[in-house]
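K.L.:
To be precise about what I am sending: the file is called coords-v6.txt and holds compact mmCIF, C-alpha atoms.
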# COMPACT_ATOMS: atom_id res chain seq x y z
CA MET A 1 25.93 15.90 4.86
CA GLU A 2 22.82 13.81 4.49
CA SER A 3 23.70 12.60 1.02
CA ASP A 4 27.16 11.52 2.20
CA LEU A 5 25.64 9.62 5.07
CA ALA A 6 23.07 8.08 2.78
CA SER A 7 25.82 6.86 0.49
CA LEU A 8 27.76 5.48 3.41
CA ALA A 9 24.70 3.73 4.73
CA ALA A 10 23.78 2.33 1.35
CA GLU A 11 27.25 0.89 0.86
CA SER A 12 27.19 -0.77 4.24
CA LEU A 13 23.74 -2.25 3.93
CA PRO A 14 23.17 -5.91 3.30
CA SER A 15 21.07 -6.53 0.27
CA GLU A 16 17.87 -7.13 2.12
CA VAL A 17 17.95 -3.76 3.81
CA ALA A 18 16.52 -0.69 2.19
CA LEU A 19 16.78 2.96 2.93
CA LEU A 20 13.34 4.44 2.98
CA ASP A 21 13.57 8.12 3.56
CA ARG A 22 15.92 10.85 2.44
CA HIS A 23 15.49 12.35 5.85
CA GLY A 24 15.91 9.11 7.72
CA VAL A 25 16.15 5.41 7.38
CA ILE A 26 14.03 2.37 7.47
CA ALA A 27 15.80 -0.94 7.61
CA TRP A 28 14.80 -4.50 8.18
CA GLU A 29 16.53 -7.82 8.25
CA ASN A 30 15.83 -11.47 8.77
CA GLY A 31 13.71 -12.62 11.63
CA ALA A 32 10.31 -12.20 13.10
CA TRP A 33 8.77 -9.04 14.33
CA ARG A 34 8.59 -9.26 18.05
CA ARG A 35 7.73 -7.00 20.87
CA ALA A 36 10.46 -4.91 22.35
CA ALA A 37 11.15 -5.58 25.95
CA ALA A 38 9.73 -2.89 28.12
CA ALA A 39 12.42 -0.65 29.48
CA VAL A 40 12.15 2.24 31.83
CA GLY A 41 11.55 5.35 29.82
CA ASP A 42 11.30 3.41 26.58
CA PRO A 43 8.54 4.99 24.51
CA LEU A 44 8.05 1.67 22.80
CA ALA A 45 7.20 -0.10 25.99
CA GLY A 46 3.68 -1.41 25.95
CA ALA A 47 3.34 -1.25 22.22
CA THR A 48 1.47 -4.06 20.55
CA PRO A 49 3.65 -6.43 18.56
CA GLY A 50 3.23 -6.31 14.85
CA ARG A 51 1.27 -3.11 14.92
CA HIS A 52 2.16 0.31 13.80
CA LEU A 53 3.60 2.29 16.62
CA ALA A 54 3.54 5.86 15.45
CA GLY A 55 0.47 6.70 17.42
CA HIS A 56 2.00 5.18 20.50
CA LEU A 57 5.09 7.29 20.16
CA VAL A 58 3.20 10.44 19.45
CA ASN A 59 0.89 9.87 22.34
CA THR A 60 3.55 9.09 24.84
CA SER A 61 6.53 11.14 23.91
CA VAL A 62 7.68 14.43 22.60
CA PRO A 63 8.78 13.63 19.07
CA ASP A 64 12.45 14.37 19.25
CA ALA A 65 15.74 12.61 18.87
CA LYS A 66 15.20 10.73 22.11
CA ASN A 67 12.49 8.74 20.38
CA VAL A 68 14.89 7.88 17.65
CA GLU A 69 17.48 6.75 20.12
CA ALA A 70 14.96 4.62 21.96
CA ALA A 71 13.76 3.05 18.76
CA ILE A 72 17.23 2.28 17.59
CA SER A 73 18.16 1.01 20.99
CA SER A 74 15.44 -1.60 20.75
CA VAL A 75 16.82 -2.65 17.42
CA LEU A 76 20.35 -2.89 18.71
CA GLN A 77 19.13 -5.08 21.53
CA GLY A 78 17.83 -7.52 18.97
CA HIS A 79 14.16 -7.07 19.69
CA GLN A 80 13.39 -6.46 16.05
CA THR A 81 10.58 -4.07 16.56
CA LEU A 82 9.10 -1.84 13.97
CA ALA A 83 9.57 1.59 15.35
CA VAL A 84 8.34 4.80 13.87
CA ALA A 85 10.09 7.85 15.17
CA HIS A 86 9.39 11.39 14.26
CA MET A 87 12.38 13.58 14.03
CA PRO A 88 12.71 17.32 13.63
CA ARG A 89 15.23 18.28 11.00
CA SER A 90 17.45 19.96 13.57
CA ASP A 91 18.24 16.59 15.05
CA GLY A 92 18.95 15.02 11.72
CA THR A 93 22.66 14.52 11.85
CA ARG A 94 22.72 12.75 15.17
CA ALA A 95 19.76 10.61 14.26
CA TRP A 96 21.30 9.67 10.96
CA LEU A 97 24.46 8.51 12.64
CA LEU A 98 22.45 6.47 15.08
CA CYS A 99 20.47 4.91 12.29
CA ILE A 100 23.55 3.96 10.39
CA ALA A 101 24.92 2.41 13.53
CA SER A 102 21.78 0.35 13.88
CA VAL A 103 21.87 -0.77 10.29
CA ALA A 104 25.52 -1.64 10.48
CA SER A 105 24.80 -3.85 13.43
CA ARG A 106 22.75 -6.07 11.12
CA ARG A 107 20.69 -7.15 14.03
CA GLY A 108 17.35 -6.47 12.52
CA GLY A 109 14.38 -4.35 13.18
CA ALA A 110 13.21 -1.30 11.41
CA VAL A 111 13.42 2.35 12.09
CA VAL A 112 11.23 4.64 10.12
CA MET A 113 12.09 8.26 10.50
CA ARG A 114 9.80 10.99 9.39
CA THR A 115 10.35 14.69 9.67
CA ARG A 116 6.87 15.23 11.01
CA ALA A 117 3.99 13.21 12.29
CA HIS A 118 1.30 11.86 10.01
CA THR A 119 -1.32 10.09 11.98
CA SER A 120 -5.06 9.58 12.27
CA PRO A 121 -5.70 9.32 8.57
CA ALA A 122 -9.02 7.63 8.68
CA ALA A 123 -11.96 8.57 10.80
CA ALA A 124 -13.05 5.71 12.97
CA ILE A 125 -16.31 4.14 11.97
CA ALA A 126 -19.29 5.14 14.00
CA PRO A 127 -19.83 2.88 16.97
CA PHE A 128 -22.72 0.58 16.32
CA ASP A 129 -25.26 -0.79 18.70
CA PRO A 130 -25.23 -4.61 18.65
CA VAL A 131 -29.02 -4.70 18.58
CA ASP A 132 -29.16 -2.22 15.75
CA LEU A 133 -26.48 -4.16 13.90
CA GLY A 134 -28.38 -7.38 14.42
CA GLU A 135 -31.50 -5.80 12.98
CA ARG A 136 -29.62 -4.47 10.02
CA VAL A 137 -28.06 -7.84 9.30
CA ALA A 138 -31.45 -9.46 9.68
CA SER A 139 -32.80 -7.12 7.02
CA LEU A 140 -30.45 -8.61 4.43
CA SER A 141 -31.93 -10.99 1.93
CA SER A 142 -30.67 -14.53 1.71
CA ARG A 143 -28.73 -13.74 -1.45
CA GLU A 144 -27.23 -10.61 0.07
CA ARG A 145 -26.03 -12.73 2.96
CA ASP A 146 -24.46 -15.13 0.50
CA VAL A 147 -22.63 -12.22 -1.11
CA LEU A 148 -21.61 -10.70 2.21
CA ARG A 149 -20.16 -13.97 3.49
CA ARG A 150 -17.93 -14.06 0.45
CA MET A 151 -16.96 -10.43 0.92
CA VAL A 152 -15.83 -11.34 4.43
CA ARG A 153 -13.64 -14.03 2.88
CA GLY A 154 -12.01 -11.29 0.81
CA LEU A 155 -13.45 -12.20 -2.56
CA ASP A 156 -13.99 -9.52 -5.15
CA ASN A 157 -17.23 -9.16 -7.08
CA ARG A 158 -16.05 -11.19 -10.03
CA GLN A 159 -15.05 -14.06 -7.79
CA ILE A 160 -18.34 -13.84 -5.95
CA ALA A 161 -20.24 -13.89 -9.22
CA ALA A 162 -18.38 -16.99 -10.35
CA ASP A 163 -18.82 -18.65 -6.98
CA LEU A 164 -22.57 -18.04 -6.88
CA GLY A 165 -23.18 -18.50 -10.58
CA ILE A 166 -24.70 -15.07 -11.02
CA SER A 167 -23.67 -12.08 -13.08
CA TYR A 168 -21.09 -9.49 -12.07
CA THR A 169 -23.72 -6.78 -12.45
CA THR A 170 -26.03 -8.61 -10.08
CA VAL A 171 -23.28 -8.91 -7.49
CA ARG A 172 -22.63 -5.18 -7.79
CA SER A 173 -26.28 -4.51 -7.09
CA HIS A 174 -26.15 -6.75 -4.06
CA THR A 175 -23.02 -5.10 -2.69
CA GLN A 176 -24.60 -1.66 -3.05
CA ALA A 177 -27.69 -2.86 -1.21
CA ILE A 178 -25.55 -4.40 1.52
CA LEU A 179 -23.66 -1.16 2.09
CA GLU A 180 -26.90 0.76 2.33
CA LYS A 181 -28.56 -1.69 4.69
CA LEU A 182 -25.54 -1.85 6.97
CA ALA A 183 -25.02 1.92 6.78
CA ALA A 184 -21.43 1.31 5.73
CA ARG A 185 -19.31 3.89 4.00
CA SER A 186 -17.11 1.29 2.38
CA ARG A 187 -16.87 -2.35 1.42
CA LEU A 188 -14.58 -3.14 4.32
CA GLU A 189 -16.76 -1.35 6.81
CA ALA A 190 -19.61 -3.61 5.75
CA VAL A 191 -17.28 -6.58 6.07
CA ALA A 192 -16.16 -5.50 9.53
CA ARG A 193 -19.76 -5.10 10.68
CA ALA A 194 -20.75 -8.44 9.25
CA TYR A 195 -17.77 -10.08 10.90
CA ARG A 196 -18.64 -8.57 14.27
CA ALA A 197 -22.16 -9.89 13.80
CA GLY A 198 -20.77 -13.36 13.28
CA LEU A 199 -21.61 -13.57 9.62
CA GLY A 200 -18.10 -14.47 8.54
CA ALA A 201 -17.63 -17.30 10.97
CA GLU A 202 -19.91 -19.76 9.12
CA ARG A 203 -19.05 -21.21 5.80
CA MET B 1 7.90 -12.58 -26.17
CA HIS B 2 9.98 -11.72 -23.19
CA LEU B 3 10.89 -8.16 -22.43
CA PRO B 4 12.86 -7.92 -19.24
CA PRO B 5 11.73 -4.66 -17.68
CA SER B 6 14.22 -2.72 -15.69
CA LEU B 7 14.25 -0.14 -12.99
CA GLY B 8 17.56 1.54 -13.54
CA ASP B 9 20.02 -1.30 -13.23
CA LEU B 10 17.56 -3.59 -11.49
CA ASP B 11 15.94 -6.52 -13.20
CA VAL B 12 12.35 -6.78 -12.19
CA PRO B 13 10.37 -10.00 -12.24
CA VAL B 14 7.16 -10.07 -14.23
CA PRO B 15 4.60 -9.76 -12.84
CA SER B 16 5.47 -7.52 -9.93
CA HIS B 17 3.52 -5.40 -7.51
CA ILE B 18 5.98 -3.03 -5.93
CA CYS B 19 5.64 -0.27 -3.37
CA LEU B 20 7.71 2.70 -4.47
CA TYR B 21 8.59 4.93 -1.56
CA HIS B 22 9.32 8.46 -2.63
CA HIS B 23 9.57 11.87 -1.09
CA GLY B 24 7.32 14.47 -2.66
CA TYR B 25 5.99 14.76 -6.19
CA ALA B 26 9.21 15.97 -7.79
CA ASP B 27 10.94 12.80 -6.63
CA LEU B 28 8.06 10.65 -7.89
CA ARG B 29 8.01 12.42 -11.24
CA ARG B 30 11.72 11.73 -11.75
CA GLN B 31 11.40 8.07 -10.77
CA TYR B 32 8.34 7.51 -12.94
CA ARG B 33 10.13 9.11 -15.86
CA ASP B 34 12.98 6.63 -15.43
CA PHE B 35 10.55 3.73 -15.03
CA LEU B 36 8.34 4.63 -17.98
CA LEU B 37 10.86 5.97 -20.46
CA PRO B 38 11.80 2.53 -21.89
CA ALA B 39 8.14 1.78 -22.50
CA ALA B 40 7.53 5.17 -24.05
CA LEU B 41 10.24 4.45 -26.58
CA ASP B 42 9.38 0.80 -27.22
CA GLU B 43 6.16 -0.08 -28.99
CA ARG B 44 6.28 -3.57 -27.58
CA GLU B 45 5.56 -2.23 -24.11
CA GLY B 46 2.47 -0.61 -22.65
CA ILE B 47 2.00 2.11 -20.08
CA ALA B 48 -0.85 2.44 -17.60
CA LEU B 49 -1.08 5.60 -15.52
CA ILE B 50 -3.36 5.17 -12.54
CA GLY B 51 -4.74 7.46 -9.86
CA PRO B 52 -7.62 9.60 -8.68
CA PRO B 53 -9.48 11.67 -11.27
CA GLY B 54 -7.10 14.11 -12.91
CA THR B 55 -3.96 12.43 -11.65
CA PRO B 56 -3.32 10.11 -14.61
CA GLN B 57 -3.60 13.09 -16.94
CA GLN B 58 -1.07 14.97 -14.84
CA LEU B 59 1.31 12.01 -14.83
CA LEU B 60 1.02 11.77 -18.60
CA SER B 61 1.54 15.47 -19.15
CA ASP B 62 4.62 15.49 -16.93
CA LEU B 63 5.97 12.35 -18.59
CA GLU B 64 5.58 13.90 -22.01
CA THR B 65 7.37 17.02 -20.84
CA ASP B 66 10.17 15.05 -19.24
CA ILE B 67 10.85 12.81 -22.22
CA GLY B 68 10.30 15.59 -24.71
CA ALA B 69 7.80 13.68 -26.78
CA ALA B 70 4.06 13.56 -27.18
CA LEU B 71 2.43 10.19 -26.61
CA ARG B 72 -0.86 10.95 -28.36
CA ASN B 73 -0.34 8.25 -30.98
CA ALA B 74 0.42 5.71 -28.29
CA ARG B 75 -2.69 6.81 -26.47
CA ALA B 76 -4.79 6.59 -29.58
CA SER B 77 -3.58 3.08 -30.25
CA GLY B 78 -4.24 1.98 -26.69
CA ARG B 79 -0.61 1.40 -25.82
CA VAL B 80 -0.78 4.14 -23.23
CA VAL B 81 -3.89 4.21 -21.07
CA LEU B 82 -5.10 6.37 -18.23
CA VAL B 83 -7.02 4.65 -15.46
CA GLU B 84 -8.93 6.85 -13.08
CA SER B 85 -10.00 5.57 -9.71
CA GLU B 86 -13.44 5.68 -8.22
CA ARG B 87 -14.78 5.32 -4.71
CA ASP B 88 -15.96 1.76 -5.35
CA ALA B 89 -12.78 -0.28 -4.85
CA ASP B 90 -14.10 -3.32 -6.67
CA ALA B 91 -15.12 -1.27 -9.70
CA PHE B 92 -11.70 0.38 -9.67
CA LEU B 93 -10.01 -3.02 -9.50
CA ASN B 94 -12.11 -4.20 -12.41
CA ARG B 95 -11.22 -1.11 -14.40
CA MET B 96 -7.51 -1.76 -13.90
CA ARG B 97 -7.83 -5.43 -14.87
CA GLU B 98 -9.70 -4.53 -18.02
CA ALA B 99 -7.10 -1.91 -18.94
CA PHE B 100 -4.25 -4.39 -18.47
CA ASP B 101 -6.06 -7.09 -20.40
CA ALA B 102 -6.85 -4.76 -23.28
CA MET B 103 -3.20 -3.76 -23.63
CA LEU B 104 -1.94 -7.32 -23.37
CA ALA B 105 -4.56 -8.47 -25.87
CA ARG B 106 -3.27 -5.98 -28.39
CA GLY B 107 0.13 -7.58 -28.17
CA VAL B 108 2.29 -5.59 -25.80
CA GLY B 109 4.87 -7.77 -24.11
CA VAL B 110 4.66 -6.16 -20.74
CA VAL B 111 2.72 -3.34 -19.15
CA ARG B 112 4.45 -0.83 -16.94
CA ALA B 113 1.83 0.50 -14.56
CA ALA B 114 2.52 3.64 -12.55
CA ALA B 115 -0.04 4.19 -9.82
CA ARG B 116 -0.38 7.11 -7.47
CA PRO B 117 -2.70 6.01 -4.70
CA MET B 118 -4.17 8.58 -2.35
CA TRP B 119 -5.31 8.16 1.22
CA ASP B 120 -8.85 9.19 2.00
CA ALA B 121 -9.00 11.37 -1.08
CA PRO B 122 -12.07 12.26 -3.17
CA GLY B 123 -12.61 9.84 -6.01
CA PHE B 124 -10.42 7.19 -4.40
CA PRO B 125 -11.49 4.20 -2.31
CA ALA B 126 -11.75 4.72 1.44
CA PRO B 127 -8.53 3.85 3.29
CA GLU B 128 -9.70 0.39 4.33
CA ASP B 129 -10.93 -0.36 0.82
CA HIS B 130 -7.67 0.94 -0.59
CA LEU B 131 -5.79 -1.63 1.49
CA TRP B 132 -8.14 -4.40 0.33
CA LEU B 133 -7.59 -3.25 -3.22
CA GLU B 134 -3.82 -3.49 -2.86
CA ALA B 135 -4.10 -7.09 -1.71
CA GLN B 136 -6.50 -7.91 -4.54
CA LEU B 137 -4.21 -6.27 -7.04
CA THR B 138 -1.43 -8.65 -6.10
CA LEU B 139 -3.76 -11.53 -7.01
CA ALA B 140 -4.89 -9.84 -10.20
CA LEU B 141 -1.35 -9.22 -11.36
CA ALA B 142 -0.28 -12.79 -10.74
CA ALA B 143 -1.73 -13.87 -14.07
CA ARG B 144 -0.78 -10.81 -16.09
CA ARG B 145 2.46 -9.51 -17.54
CA VAL B 146 2.38 -6.29 -15.59
CA VAL B 147 4.93 -4.50 -13.45
CA CYS B 148 2.95 -2.20 -11.20
CA LEU B 149 4.58 0.45 -9.06
CA CYS B 150 2.39 1.97 -6.37
CA ALA B 151 3.78 5.26 -5.14
CA TYR B 152 3.70 5.93 -1.41
CA ASP B 153 4.75 9.45 -0.53
CA LEU B 154 6.77 9.52 2.65
CA ALA B 155 6.32 13.26 2.80
CA GLU B 156 2.55 13.18 2.72
CA MET B 157 1.00 9.81 3.43
CA PRO B 158 0.06 8.85 6.96
CA ASP B 159 1.90 6.17 8.84
CA GLU B 160 -0.98 3.75 8.46
CA ALA B 161 -0.66 3.96 4.69
CA ILE B 162 3.11 3.61 4.79
CA THR B 163 2.96 0.55 7.00
CA PHE B 164 -0.31 -1.27 6.27
CA GLY B 165 -0.36 -0.40 2.60
CA GLY B 166 3.28 -0.07 1.64
CA LEU B 167 5.05 -2.67 3.73
CA GLU B 168 2.30 -5.20 4.31
CA ALA B 169 0.40 -5.24 1.02
CA HIS B 170 3.39 -5.32 -1.32
CA ARG B 171 5.81 -8.18 -1.61
CA ASP B 172 8.57 -5.82 -2.70
CA THR B 173 9.51 -2.26 -1.95
CA LEU B 174 11.71 0.12 -3.87
CA PHE B 175 13.52 3.08 -2.46
CA LEU B 176 16.61 4.93 -3.51
CA GLY B 177 17.15 2.41 -6.24
CA GLN B 178 17.08 -0.57 -3.91
CA LEU B 179 14.53 -3.27 -4.52
CA ALA B 180 13.91 -5.34 -1.42
CA HIS B 181 11.46 -7.93 -0.22
CA SER B 182 9.21 -6.55 2.45
CA ARG B 183 9.66 -8.55 5.62
CA ARG B 184 6.21 -7.48 6.67
CA PHE B 185 4.41 -8.57 3.53
CA ILE B 186 1.19 -10.45 4.24
CA ASP B 187 -0.12 -12.76 1.55
CA ALA B 188 -3.43 -11.72 0.07
CA ASP B 189 -5.18 -14.81 1.39
CA ARG B 190 -4.20 -13.83 4.95
CA TYR B 191 -4.45 -10.07 4.59
CA MET B 192 -8.15 -10.00 5.42
CA SER B 193 -7.86 -11.88 8.68
CA GLU B 194 -4.46 -10.61 9.77
CA ARG B 195 -4.79 -6.98 8.83
CA LEU B 196 -8.08 -5.76 7.40
CA LEU B 197 -10.30 -7.14 10.13
CA ARG B 198 -7.90 -5.67 12.69
CA LEU B 199 -7.67 -2.16 11.36
CA PRO B 200 -7.87 0.10 14.38
CA TRP B 201 -10.45 2.41 12.90
CA LEU B 202 -12.72 -0.50 12.00
CA THR B 203 -12.49 -2.03 15.42
CA PRO B 204 -15.03 -0.84 17.94
CA ALA B 205 -13.51 0.43 21.16
Could you quickly redo this structure as structure tokens?
P.N.:
Amino acid sequence: MESDLASLAAESLPSEVALLDRHGVIAWENGAWRRAAAAVGDPLAGATPGRHLAGHLVNTSVPDAKNVEAAISSVLQGHQTLAVAHMPRSDGTRAWLLCIASVASRRGGAVVMRTRAHTSPAAAIAPFDPVDLGERVASLSSRERDVLRRMVRGLDNRQIAADLGISYTTVRSHTQAILEKLAARSRLEAVARAYRAGLGAER
Amino acid sequence: MHLPPSLGDLDVPVPSHICLYHHGYADLRRQYRDFLLPAALDEREGIALIGPPGTPQQLLSDLETDIGAALRNARASGRVVLVESERDADAFLNRMREAFDAMLARGVGVVRAAARPMWDAPGFPAPEDHLWLEAQLTLALAARRVVCLCAYDLAEMPDEAITFGGLEAHRDTLFLGQLAHSRRFIDADRYMSERLLRLPWLTPA
């Protein structure tokens, strides 16, 4: 059944739309991503535009076909919202038909359907005290600050080395020291802390 | 030398950085076989297998089984390379660039890179660094004749990876044989400000 529906959906899709799950569909079309209008009982209501909504759905609704219907409904209404709906396999047929209907409407949006929830992949960073953060940033050397500012701009170590006229190995040493001084588990955690401390704002 | 790579019947621009959505390892293995087979049979093409420690070896072993041929000579000559990740995203990025450059320097026309990123896995960059790496890889590939497929497993990867990594950090996505531009793609020069600095787990409550 699913393969027949997948074929049907694929044949009816405009070129810019892609199927994204054997157990469901993701589809998108032209247009901006905008917030869905809040509707009574709509599990998408209150979701932040442009952000991933799976957590919102999981937190607010029982993951069943009703979520799928609500998500697709927002698409059909032209709100073009990215909606992630979790769908038990038992509801597959109905949800598939609804998805195909939404795709056929060619009115945009995206519906991602997963057979089970996958959320909370990354542990949140430890909250940091602004004073403590300030002290940690203050402990950075002038050169480490130079490197960190460029990390905040998204540069990689090679680019930083070229920009500062120092060796790649030296930049690596600086980045290691920065992570240690800021107690960061990752490059981006150090960047996030520096940014919160205002280090990325200056150029 | 121009070697138009293909994904089934699809012509793929070079360079490309494509998110391949798949469902489980068996599905990935089949799709990577189809993607890599032309390069395995053509000495003018190179193959890079990328992933956490142990994964590139597994991809190679399965590829050899699936195509019924050993690639040890191609490995020995540097036409097939295995690139293992490490926790340091920048070092991992550098390792990939060097692998691509080495293959291109030895004369291959195009490199087919098959990556299997993991989310919060040992020996792989932290999730936020993984996303940064994806954006940087787009920049790195811009000047290299590489078609890089990054596999995102819809059966296993969390929604954040599917959305932030798959849809937003890749200009193109591939699923069920359909290559499509991602409407949510964010250019690398905006990815830091528009996504990375707004990651929910990096934002204090």
K.L.:
Within 8 Å of chain A, which residues belong to chain B? Use all atoms listed in the file and report them as a count of residues only.
P.N.:
41
K.L.:
Between atom CA of Pro38 of chain B and atom CA of Glu134 of chain B, what distance in Å does the model show, to one decimal?
P.N.:
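A separation of 25.3 Å between them.
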K.L.:
Skip segment 165-168 of chain B itself and residues of its chain fewer than 6 positions away, then list as an MDAnalysis selection string all residues within 8 Å of it, counting only C-alpha atoms.
P.N.:
chainID B and resid 19 21 131 134 152 182:186
K.L.:
Quick one, how far is atom CA of Arg33 of chain B from atom CA of Gly68 of chain B?
P.N.:
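So the two atoms, atom CA of Arg33 of chain B and atom CA of Gly68 of chain B, lie 11.0 Å apart.
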K.L.:
Adding 6 Å on each side of the box along x, y and z that holds all listed atoms of segment 34-52 of chain B, could you give its centre and edge lengths in Å to one decimal, as JSON?
P.N.:
{"center_x": 2.7, "center_y": 3.0, "center_z": -18.8, "size_x": 32.6, "size_y": 25.2, "size_z": 32.3}
K.L.:
For atom CA of Leu49 of chain B and atom CA of Leu71 of chain B, determine how far apart the two atoms are, in Å to one decimal place.
P.N.:
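Distance between the two atoms: 12.5 Å.
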K.L.:
Could you pull the residues within 6 Å of segment 45-47 of chain B, counting all atoms listed in the file, minus those fewer than 4 positions along the same chain, as a list in words?
P.N.:
Ala39, Arg79, Val80, Val108, Gly109, Val110, Val111, Arg112 and Ala113 of chain B
K.L.:
From the set B:Ala188, B:Ala140, B:Leu104, B:Ala151, which residue has the shortest atom-to-atom contact distance to Arg44 of chain B, counting only C-alpha atoms?
P.N.:
B:Leu104
K.L.:
Of the candidates B:Asp11, B:Glu98, B:Glu43, B:Glu84, which shows the shortest atom-to-atom distance to Leu59 of chain B, using all atoms listed in the file?
P.N.:
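The answer is B:Glu84, which sits nearest to Leu59 of chain B.
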K.L.:
Neighbours of Val137 of chain A within 8 Å (only C-alpha atoms; same-chain residues fewer than 6 positions away dropped), as a list in words?
P.N.:
Lys181, Leu182, Ala194 and Ala197 of chain A
K.L.:
Considering only C-alpha atoms, can you say which of B:Arg190, B:Leu82, B:Cys148, B:Pro122 comes closest to Ser61 of chain B?
P.N.:
B:Leu82
K.L.:
I'd like to know which of B:Leu141, B:Leu20, B:Ala114, B:Ala99 is closest to Leu37 of chain B, using all atoms listed in the file.
P.N.:
B:Ala114
